[in-house]
Every structure is written in structure tokens, then in C-alpha cells.
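Below: one structure, written as C-alpha cells.
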Number of protein chains: 2
Amino acid sequence: MLENRDLVYEHVYEAILGQKLAPGTRLSEESLADIFSVSRTIVRRSLLKLSHEQVVQLRPNKGAIVASVSVDESKQIFFARRIVEKAIIELAIENHSEQDLKALLSIVKQEKACFERGDRYAGIRLSGEFHFKIAEIAANSQLTKFHRSLVPQTSLIIAQYEKRGITHCSYDEHLALVNVIREKSTLKAVSLMMEHLDHIEEKLNLDELCLSDDLHAVFAGIKDN
Amino acid sequence: MLENRDLVYEHVYEAILGQKLAPGTRLSEESLADIFSVSRTIVRRSLLKLSHEQVVQLRPNKGAIVASVSVDESKQIFFARRIVEKAIIELAIENHSEQDLKALLSIVKQEKACFERGDRYAGIRLSGEFHFKIAEIAANSQLTKFHRSLVPQTSLIIAQYEKRGITHCSYDEHLALVNVIREKSTLKAVSLMMEHLDHIEEKLNLDELCLSDDLHAVFAGIKDN
DNA sequence: GCTAAAAATTCTGCATACAGTTTTGTAAAA
DNA sequence: TTTTACAAAACTGTATGCAGAATTTTTAGC
């Protein structure tokens, strides 16, 4: 029932994670089928999986779009992410090897390089990778799966609600996280992770009346009814 | 892309939650298609959704079976459930209405009735319903979705690893939970919930060398290779 | 009678055709 | 010029047919 690798799923997931697909973008079955040279059947399977991870919205008889997240949902997603990231980093501190720390540092190094050369997309992508790597170290497949759904949703939130002019880059906070993981100081790590999420949320326009220039964000949930 | 209600999905989900389908049971596409008078396309969509919730396992070219959970996975699932149930009950204490408490009590009452007349299936079913209701009160759709995947997986674990002769019934603990939710005593509620999960886990054979008479559990993951 | 190879059957994986719905485009009427 | 009605195009939802893999049954050999 499953192919070895589901290219459509992976590419769309990556594109959303890296903010190359804006919320509201239509994902027509036939277009994707053409692009990836597969039948609509395969595309439908991919879209179904993406919709289960809530990064794509399936509207009956109206096709799939990249999900738009409401302010309320955004707050729920951040709440859930705090819960999961706390559990994950606690497990990661228990389970990590020297090898894992090296892998984390390598990601941070690449993040720094991206920031310095102004490669925003790759930076966002690597930031997700950093959090995924911690989840991998935590080695709880259930939490990892949940986490895997929350991270790209955070990307969508940032795409919709980021305050103008703020570049999203937190490689220094990631570096600090690696250090406290090495020290195995759980309390410090958790509070650092919470602050890290605070900082991401603070850069958003989740409280003010919507000043966004993204129509999809403004009218999310209107067109669908 | 989605029908109003997906009958195949709902019925299989319910059957697994209520332990009417044992781990390892084959779910042939054509059989299900016949039973529900739909085409294989619809069945495939349902099986795909169930596999995303990890209650059904899709084996390439070998069809779908009700998932078998290994001891290691079981521990991960219980770990994740503790995290989520803690977060959910904390939210439920903040958000609940008098109406919600009545609904919870109604479920507990039905649970008691089931126990007294020895209706095991309905009892298991209602026990899940009780936890789902708390999740609904918590009103965080992300946590609810995760929870919705963990609860039927717990059913599968119990089906595989429950110690012989132990009837699974916890309506008294559920009643105690309703009372502490009413009192809004968060600490008590969380520790009660953790103890509740402890008691469920204690009734399982997760530590000893497998004494289970369920071949599917014993040989889970062998036949598939 | 037992084992092993081969044939037949069953079932999944995928593409595609068709029906029904939504959307788009056009033209007439206000 | 704007609005409304109608027609056409585009797209989704579902069923189904076919190819190929896995499983079962049959058959031949020991």
C-alpha cells in the first residue's frame, strides 16, 4: 500500500516547513500529479497524510490548500508545543550520546552560516531540523510524531503572523540549548526551551488586531464556509 | 475529498477501541468493502487514516492488520499518555462548566452499570469515552488529536498484555477524578490521573518475559519481514 | 507419506475513466 | 455599468480494471 518513499508528501512537507508555500495556496491534484509525474491516486494519498498532520486543509469538492491557522488555533499549537518540547528535551538529556551533541552542533553551525549569508529559507529549514534532532534523541516515537505535526504548523503561523521586519533566527538560543543538554541540567534546559518558544511567539502579531498584509491570514476560515 | 461521515473508519476505530478486533487481525480491503457496501477506494482511505493514528499497520503488498504493539512501544505510549493526560486535565480544570461535570458523571454512571451487568466491551468503550470527554473539555484541538491516537493504542496494549483474570474496570477512579475536577484542585487531579494510569499499567505484563497466550503479540513483527 | 516446486488463486498497488460539483467565463437584461 | 442567468471548463469523488506481488493449493518427485 505504501511506496518506499512518498516524494509528493516529502516535497510538500518540506516546502511548507521552509515557508516556500504560503497558507491558502491551492494544491490541485492534477498540477501536483503533473509536476511529480505520478497519478492523482498518489497525490491524494499524500494530501491525506498532510491533512492528518494538519498542514494541509481538505475542503470537500473544493480541493486542498495549504492550511491557514487562526489566532486561536495558533495559541493552542504553541501551548501544545510547550508541553511536547518540555517532555522531549527532558528525555533528550537522559538519552543523548556524544555523537548526538555533535550532530546538534553541526546543525547550529549551518544555521549560523545561513544567517550570515542571508539565506532565510535554509535557515528556517535548519531551525526545524534542530528541533527534530532533539526529538529523535528523545526516542519516543509517539512524541516525535506529534512534534512532527506541530513544527510545520509553527512555520505556517510564522508565515501568517510574523511582525514586519523581524528576521527569524535563533541559532544563538539553539547553541545555548546544546550546552545545557551537555551539562545535563534539566531545569535549565526546560526553562531555556520555554524562553526560546516565548521569543518565537513574541515576534508574532497574535494579540493585536490583524495588521497582516496576508489576505489569506486575514480571511482564513471565511472562504471555506 | 471527504464524505460527510466515514463509516468504515468510524466502525473499525470503535471496534479496536472496544477490543472487538484483536491485534494482528487482517483487514482485507475487499472484505471491508463488501461489509460496508463501498468500493475499495473508500476502504483504502479509511485504512490510511487509521494507520496515521497508528492503530492499523499497513504492510506493503501484504495488506492491513490491526496494529500489534511491542513492549517497548507500549512503554512509550504510556509515557506519552502521562504527558498528555496531565496537560489535558489541567486545562479541563480551568475550562469546565457545570454541564461538563454532568456529562462526565453520566459516563461514570453508565460505566458502573456496565460493570455490574458484566458488559466488558461497553465498559471499555465508556472508559475511553470518559477520557475523550475530559479532552473535549480541555479544548485544545492539537492535544485532543494526539490523545485520540493514544487511547485506542492503549486498548491494543491491554488486549495484548493484560494479566489473566484481571477485569479492567476503573469507574471508581473516574468518579474520584470528576470530584477533584469540580474542586478545581489541580495538583490532586494530576496525581490522581497519574495513579490512574499507574493502575492500568500495573495490570499489564510489560516487564516479565512474555507469558501471553496471544501469538500475535508474541510474534509481532516477525511475520511481516 | 513427506518435501519441494509449480500452478492457480487471491489480494494489493496504481492508473484511469466517468459522474457530479464547483468555478469560471460570457452574454443578455436592467 | 452593473447584475443575473446560463453555458463551458476545470476539478474533485468514486468505481473499476489491470498488472504484479503474495499466498494458497496442487502436483510431481523422493
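Within each chain, counting starts at residue 1; across the C-alpha cells, chains are named A, B, ... in the order shown, with ligands numbered 1 upward in that order.
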With 9 Å as the cut-off and only C-alpha atoms (C1' of nucleotides) counted, what is the closest atom pair between each nearby residue of chain C and range 34-46 of chain A? Distances in Å to one decimal, ordered by chain and number, as JSON lines.
{"residue": "C:DC14", "atom": "C1'", "partner": "A:Thr41", "partner_atom": "CA", "distance": 7.3}
{"residue": "C:DA15", "atom": "C1'", "partner": "A:Ser39", "partner_atom": "CA", "distance": 6.4}
{"residue": "C:DT16", "atom": "C1'", "partner": "A:Ser39", "partner_atom": "CA", "distance": 8.8}
Selection near range 17-24 of chain D, 12 Å with only C-alpha atoms (C1' of nucleotides), sequence-local residues under 2 positions removed, as a PDB file with N, CA and C atoms (P, O5', C5', C4', C3', O3' and C1' of nucleotides), in the first residue's frame:
ATOM      1  N   MET A   1       0.815  -1.205   0.000  1.00  0.00           N
ATOM      2  CA  MET A   1       0.000   0.000   0.000  1.00  0.00           C
ATOM      3  C   MET A   1       0.852   1.260   0.000  1.00  0.00           C
TER       4      MET A   1
ATOM      5  N   ARG B  59       1.205  -2.963   5.702  1.00  0.00           N
ATOM      6  CA  ARG B  59       2.423  -3.654   5.252  1.00  0.00           C
ATOM      7  C   ARG B  59       2.421  -3.715   3.733  1.00  0.00           C
ATOM      8  N   PRO B  60       3.445  -3.145   3.095  1.00  0.00           N
ATOM      9  CA  PRO B  60       3.463  -3.065   1.634  1.00  0.00           C
ATOM     10  C   PRO B  60       3.194  -4.409   0.970  1.00  0.00           C
ATOM     11  N   ASN B  61       2.240  -4.427   0.072  1.00  0.00           N
ATOM     12  CA  ASN B  61       1.855  -5.625  -0.687  1.00  0.00           C
ATOM     13  C   ASN B  61       1.274  -6.752   0.163  1.00  0.00           C
ATOM     14  N   LYS B  62       1.080  -6.473   1.450  1.00  0.00           N
ATOM     15  CA  LYS B  62       0.588  -7.537   2.328  1.00  0.00           C
ATOM     16  C   LYS B  62      -0.649  -7.110   3.101  1.00  0.00           C
ATOM     17  N   GLY B  63      -1.155  -5.947   2.787  1.00  0.00           N
ATOM     18  CA  GLY B  63      -2.415  -5.551   3.384  1.00  0.00           C
ATOM     19  C   GLY B  63      -2.318  -4.998   4.787  1.00  0.00           C
ATOM     20  N   ASP B 224       6.059 -10.172   9.381  1.00  0.00           N
ATOM     21  CA  ASP B 224       5.985  -9.077   8.419  1.00  0.00           C
ATOM     22  C   ASP B 224       7.230  -8.963   7.546  1.00  0.00           C
TER      23      ASP B 224
ATOM     24  P    DA C   7       4.302 -24.373 -14.037  1.00  0.00           P
ATOM     25  O5'  DA C   7       2.729 -24.324 -13.856  1.00  0.00           O
ATOM     26  C5'  DA C   7       2.011 -25.514 -13.481  1.00  0.00           C
ATOM     27  C4'  DA C   7       0.779 -25.130 -12.682  1.00  0.00           C
ATOM     28  C3'  DA C   7      -0.034 -23.979 -13.269  1.00  0.00           C
ATOM     29  O3'  DA C   7      -1.385 -24.383 -13.371  1.00  0.00           O
ATOM     30  C1'  DA C   7       0.440 -23.558 -10.978  1.00  0.00           C
ATOM     31  P    DA C   8      -2.442 -23.445 -14.133  1.00  0.00           P
ATOM     32  O5'  DA C   8      -3.277 -22.921 -12.886  1.00  0.00           O
ATOM     33  C5'  DA C   8      -3.664 -23.844 -11.847  1.00  0.00           C
ATOM     34  C4'  DA C   8      -4.268 -23.087 -10.692  1.00  0.00           C
ATOM     35  C3'  DA C   8      -5.199 -21.940 -11.097  1.00  0.00           C
ATOM     36  O3'  DA C   8      -6.406 -22.049 -10.359  1.00  0.00           O
ATOM     37  C1'  DA C   8      -3.549 -21.148  -9.588  1.00  0.00           C
ATOM     38  P    DT C   9      -7.628 -21.091 -10.690  1.00  0.00           P
ATOM     39  O5'  DT C   9      -7.721 -20.247  -9.341  1.00  0.00           O
ATOM     40  C5'  DT C   9      -7.477 -20.901  -8.091  1.00  0.00           C
ATOM     41  C4'  DT C   9      -7.145 -19.878  -7.027  1.00  0.00           C
ATOM     42  C3'  DT C   9      -8.051 -18.637  -7.010  1.00  0.00           C
ATOM     43  O3'  DT C   9      -8.683 -18.551  -5.750  1.00  0.00           O
ATOM     44  C1'  DT C   9      -5.755 -18.042  -6.809  1.00  0.00           C
ATOM     45  P    DT C  10      -9.873 -17.504  -5.543  1.00  0.00           P
ATOM     46  O5'  DT C  10      -9.160 -16.455  -4.580  1.00  0.00           O
ATOM     47  C5'  DT C  10      -8.289 -16.906  -3.534  1.00  0.00           C
ATOM     48  C4'  DT C  10      -7.439 -15.752  -3.043  1.00  0.00           C
ATOM     49  C3'  DT C  10      -8.202 -14.434  -2.893  1.00  0.00           C
ATOM     50  O3'  DT C  10      -8.025 -13.955  -1.576  1.00  0.00           O
ATOM     51  C1'  DT C  10      -6.181 -14.100  -4.071  1.00  0.00           C
ATOM     52  P    DC C  11      -8.888 -12.749  -1.028  1.00  0.00           P
ATOM     53  O5'  DC C  11      -7.838 -11.553  -1.085  1.00  0.00           O
ATOM     54  C5'  DC C  11      -6.579 -11.716  -0.452  1.00  0.00           C
ATOM     55  C4'  DC C  11      -5.642 -10.608  -0.900  1.00  0.00           C
ATOM     56  C3'  DC C  11      -6.284  -9.217  -0.886  1.00  0.00           C
ATOM     57  O3'  DC C  11      -5.571  -8.374   0.003  1.00  0.00           O
ATOM     58  C1'  DC C  11      -5.085  -9.605  -2.905  1.00  0.00           C
ATOM     59  P    DT C  12      -6.067  -6.885   0.284  1.00  0.00           P
ATOM     60  O5'  DT C  12      -4.849  -6.033  -0.290  1.00  0.00           O
ATOM     61  C5'  DT C  12      -3.537  -6.321   0.154  1.00  0.00           C
ATOM     62  C4'  DT C  12      -2.518  -5.781  -0.843  1.00  0.00           C
ATOM     63  C3'  DT C  12      -2.472  -4.254  -0.954  1.00  0.00           C
ATOM     64  O3'  DT C  12      -1.112  -3.848  -0.911  1.00  0.00           O
ATOM     65  C1'  DT C  12      -2.761  -5.213  -3.095  1.00  0.00           C
ATOM     66  P    DG C  13      -0.748  -2.268  -0.877  1.00  0.00           P
ATOM     67  O5'  DG C  13      -0.514  -1.921  -2.413  1.00  0.00           O
ATOM     68  C5'  DG C  13       0.710  -2.280  -3.028  1.00  0.00           C
ATOM     69  C4'  DG C  13       0.839  -1.552  -4.346  1.00  0.00           C
ATOM     70  C3'  DG C  13       0.599  -0.043  -4.274  1.00  0.00           C
ATOM     71  O3'  DG C  13       1.596   0.613  -5.047  1.00  0.00           O
ATOM     72  C1'  DG C  13      -0.900  -1.017  -5.840  1.00  0.00           C
ATOM     73  P    DC C  14       1.632   2.206  -5.109  1.00  0.00           P
ATOM     74  O5'  DC C  14       0.924   2.499  -6.488  1.00  0.00           O
ATOM     75  C5'  DC C  14       1.381   1.815  -7.657  1.00  0.00           C
ATOM     76  C4'  DC C  14       0.415   2.044  -8.796  1.00  0.00           C
ATOM     77  C3'  DC C  14       0.034   3.515  -9.010  1.00  0.00           C
ATOM     78  O3'  DC C  14       0.615   3.935 -10.238  1.00  0.00           O
ATOM     79  C1'  DC C  14      -1.849   2.027  -9.210  1.00  0.00           C
ATOM     80  P    DA C  15       0.517   5.436 -10.715  1.00  0.00           P
ATOM     81  O5'  DA C  15      -0.547   5.265 -11.890  1.00  0.00           O
ATOM     82  C5'  DA C  15      -0.373   4.194 -12.812  1.00  0.00           C
ATOM     83  C4'  DA C  15      -1.570   4.105 -13.742  1.00  0.00           C
ATOM     84  C3'  DA C  15      -2.038   5.443 -14.334  1.00  0.00           C
ATOM     85  O3'  DA C  15      -2.253   5.260 -15.723  1.00  0.00           O
ATOM     86  C1'  DA C  15      -3.832   4.372 -13.191  1.00  0.00           C
ATOM     87  P    DT C  16      -2.637   6.482 -16.683  1.00  0.00           P
ATOM     88  O5'  DT C  16      -4.214   6.323 -16.872  1.00  0.00           O
ATOM     89  C5'  DT C  16      -4.757   4.998 -17.013  1.00  0.00           C
ATOM     90  C4'  DT C  16      -6.267   5.052 -16.943  1.00  0.00           C
ATOM     91  C3'  DT C  16      -6.897   6.351 -17.455  1.00  0.00           C
ATOM     92  O3'  DT C  16      -8.038   6.024 -18.235  1.00  0.00           O
ATOM     93  C1'  DT C  16      -7.719   5.880 -15.348  1.00  0.00           C
ATOM     94  P    DA C  17      -8.499   6.969 -19.431  1.00  0.00           P
ATOM     95  O5'  DA C  17     -10.030   6.579 -19.583  1.00  0.00           O
ATOM     96  C5'  DA C  17     -10.474   5.265 -19.183  1.00  0.00           C
ATOM     97  C4'  DA C  17     -11.843   5.353 -18.533  1.00  0.00           C
ATOM     98  C3'  DA C  17     -12.722   6.472 -19.082  1.00  0.00           C
ATOM     99  O3'  DA C  17     -14.059   6.019 -19.168  1.00  0.00           O
ATOM    100  C1'  DA C  17     -12.447   6.763 -16.755  1.00  0.00           C
TER     101       DA C  17
ATOM    102  P    DA D  15     -17.648   4.149  -4.540  1.00  0.00           P
ATOM    103  O5'  DA D  15     -17.444   3.479  -5.963  1.00  0.00           O
ATOM    104  C5'  DA D  15     -18.272   3.901  -7.036  1.00  0.00           C
ATOM    105  C4'  DA D  15     -17.838   3.258  -8.339  1.00  0.00           C
ATOM    106  C3'  DA D  15     -17.546   1.762  -8.259  1.00  0.00           C
ATOM    107  O3'  DA D  15     -18.108   1.133  -9.404  1.00  0.00           O
ATOM    108  C1'  DA D  15     -15.616   2.923  -9.041  1.00  0.00           C
ATOM    109  P    DT D  26      -6.441 -28.011  -3.886  1.00  0.00           P
ATOM    110  O5'  DT D  26      -5.446 -28.484  -5.037  1.00  0.00           O
ATOM    111  C5'  DT D  26      -5.346 -27.707  -6.231  1.00  0.00           C
ATOM    112  C4'  DT D  26      -4.103 -28.111  -7.009  1.00  0.00           C
ATOM    113  C3'  DT D  26      -3.940 -29.623  -7.194  1.00  0.00           C
ATOM    114  O3'  DT D  26      -3.830 -29.913  -8.580  1.00  0.00           O
ATOM    115  C1'  DT D  26      -1.921 -28.650  -6.443  1.00  0.00           C
TER     116       DT D  26
END
List the neighbours of DA9 in chain D out to 12 Å using only C-alpha atoms (C1' of nucleotides); skip same-chain residues closer than 5 positions along the sequence, and give me the result as a ChimeraX atom specification.
-> /C:22-25
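Close contacts of Leu17 in chain A, defined as residues with an atom at most 6 Å away when counting only C-alpha atoms (C1' of nucleotides), with chain neighbours fewer than 3 positions off set aside, comprise Glu14, Pro152 and Ser155 of chain A.
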Pull out every residue of chain D sitting within 12 Å of chain A, counting only C-alpha atoms (C1' of nucleotides), and send them as a ChimeraX atom specification.
-> /D:10-14,21
Check the DSSP output for the backbone and give back, as a ChimeraX atom specification, the residues of range 64-120 of chain B in alpha helix (DSSP H).
-> /B:71-95,98-116,120
What lies within 12 Å of Ser106 in chain B using only C-alpha atoms (C1' of nucleotides), ignoring chain neighbours under 3 positions off, as number ranges by chain?
-> B: 99-103, 109-113, 126-127, 129-130, 133, 171, 174-175, 178
Write to file, as an mmCIF file, in the first residue's frame, the residues of the selection just made, with C-alpha atoms.
data_model
loop_
_atom_site.group_PDB
_atom_site.id
_atom_site.type_symbol
_atom_site.label_atom_id
_atom_site.label_comp_id
_atom_site.auth_asym_id
_atom_site.auth_seq_id
_atom_site.Cartn_x
_atom_site.Cartn_y
_atom_site.Cartn_z
ATOM 1 C CA GLN B 99 -22.741 20.925 32.198
ATOM 2 C CA ASP B 100 -19.410 19.194 31.562
ATOM 3 C CA LEU B 101 -19.360 17.699 35.054
ATOM 4 C CA LYS B 102 -22.832 16.297 34.491
ATOM 5 C CA ALA B 103 -21.717 14.714 31.236
ATOM 6 C CA LYS B 109 -22.801 6.070 35.951
ATOM 7 C CA GLN B 110 -23.050 4.101 32.718
ATOM 8 C CA GLU B 111 -19.629 2.574 33.401
ATOM 9 C CA LYS B 112 -20.822 1.373 36.795
ATOM 10 C CA ALA B 113 -23.927 -0.155 35.211
ATOM 11 C CA LEU B 126 -17.133 4.026 28.020
ATOM 12 C CA SER B 127 -13.799 4.217 29.784
ATOM 13 C CA GLU B 129 -15.354 7.951 26.287
ATOM 14 C CA PHE B 130 -14.615 9.324 29.761
ATOM 15 C CA LYS B 133 -14.749 13.887 27.311
ATOM 16 C CA TYR B 171 -15.223 3.645 37.306
ATOM 17 C CA HIS B 174 -13.081 8.031 37.241
ATOM 18 C CA LEU B 175 -15.608 9.161 39.854
ATOM 19 C CA VAL B 178 -14.726 14.100 38.495
#
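The smallest atom-to-atom distance between DA27 in chain C and any of D:DT16, D:DC30, D:DT25, D:DA5, using only C-alpha atoms (C1' of nucleotides), is found for D:DA5.
Counting only C-alpha atoms and comparing B:Ile200, B:Ile107, B:Ile137, B:Ile124, the residue that lies closest to Arg82 in chain B is B:Ile200.
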Counting only C-alpha atoms, collect the residues of chain A whose closest atom lies at most 9 Å from chain B, and write them out as a PyMOL selection string.
-> chain A and resi 1-4+44-45+48-49+52-53+58-64+73+76-77+79-80+83-84+87+139-143+146+150
Would you kindly return, as a PyMOL selection string, each protein, DNA or RNA residue with an atom no farther than 9 Å from any atom of range 179-188 of chain A, considering only C-alpha atoms (C1' of nucleotides) and excluding same-chain residues fewer than 4 positions away?
-> chain A and resi 89-90+92-94+96+98+101+174-175+192-193
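Straight-line separation from CA of His147 in chain A to CA of His196 in chain B: 25.5 Å.
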